[in-house]
Amino acid sequence: MDYKTIIRRDPHKRFGKPCIRETRISVYDVLGWLSSGMTFKEIINDFPELTADDIKACLAYAADKERKLQYVN
């Protein structure tokens, strides 16, 4: 999944948080909904401007960000 075509940052939108395409829905919003137990279908029903690929892009973004963290011992 190439999330870079879906996830964008705009310093004038949501304080520069990564958002889905031109929406104001942030990656963190989607991750929060998933962690609270919402399904892809429930999220898309509540936010019809989103697609399953958008949600997968949020997961890919989070996984990539986690991979890039440097651990200090």
# chains A, B, ... in the order shown; residues from 1 in each chain; ligands from 1

$ select_by_dssp --residues "chain A" --states "strand (DSSP E or B)" --output "PyMOL selection string"
chain A and resi 7-9+18-20+26

$ write_last_selection --atoms "C-alpha atoms" --output "compact mmCIF listing (two decimals), in the first residue's frame"
# COMPACT_ATOMS: atom_id res chain seq x y z
CA ILE A 7 -2.17 10.68 3.23
CA ARG A 8 -1.25 14.35 2.99
CA ARG A 9 -0.05 17.07 5.33
CA PRO A 18 -1.56 13.88 8.32
CA CYS A 19 -5.03 13.76 6.77
CA ILE A 20 -6.79 11.65 4.18
CA SER A 26 -6.74 12.71 10.20

$ select_by_dssp --residues "chain A" --states "alpha helix (DSSP H)" --output "MDAnalysis selection string"
chainID A and resid 27:35 40:46 52:68

$ residues_around --residues "Arg21 of chain A" --least-positions-apart "5" --cutoff "12 Å" --atoms "only C-alpha atoms" --output "ChimeraX atom specification"
/A:3-10,13,26-27,49-51,53-55,57-58

$ atom_distance --atom1 "atom CA of Ala52 of chain A" --atom2 "atom CA of Lys68 of chain A"
24.5 Å

$ atom_distance --atom1 "atom CA of Lys65 of chain A" --atom2 "atom CA of Pro48 of chain A"
26.3 Å
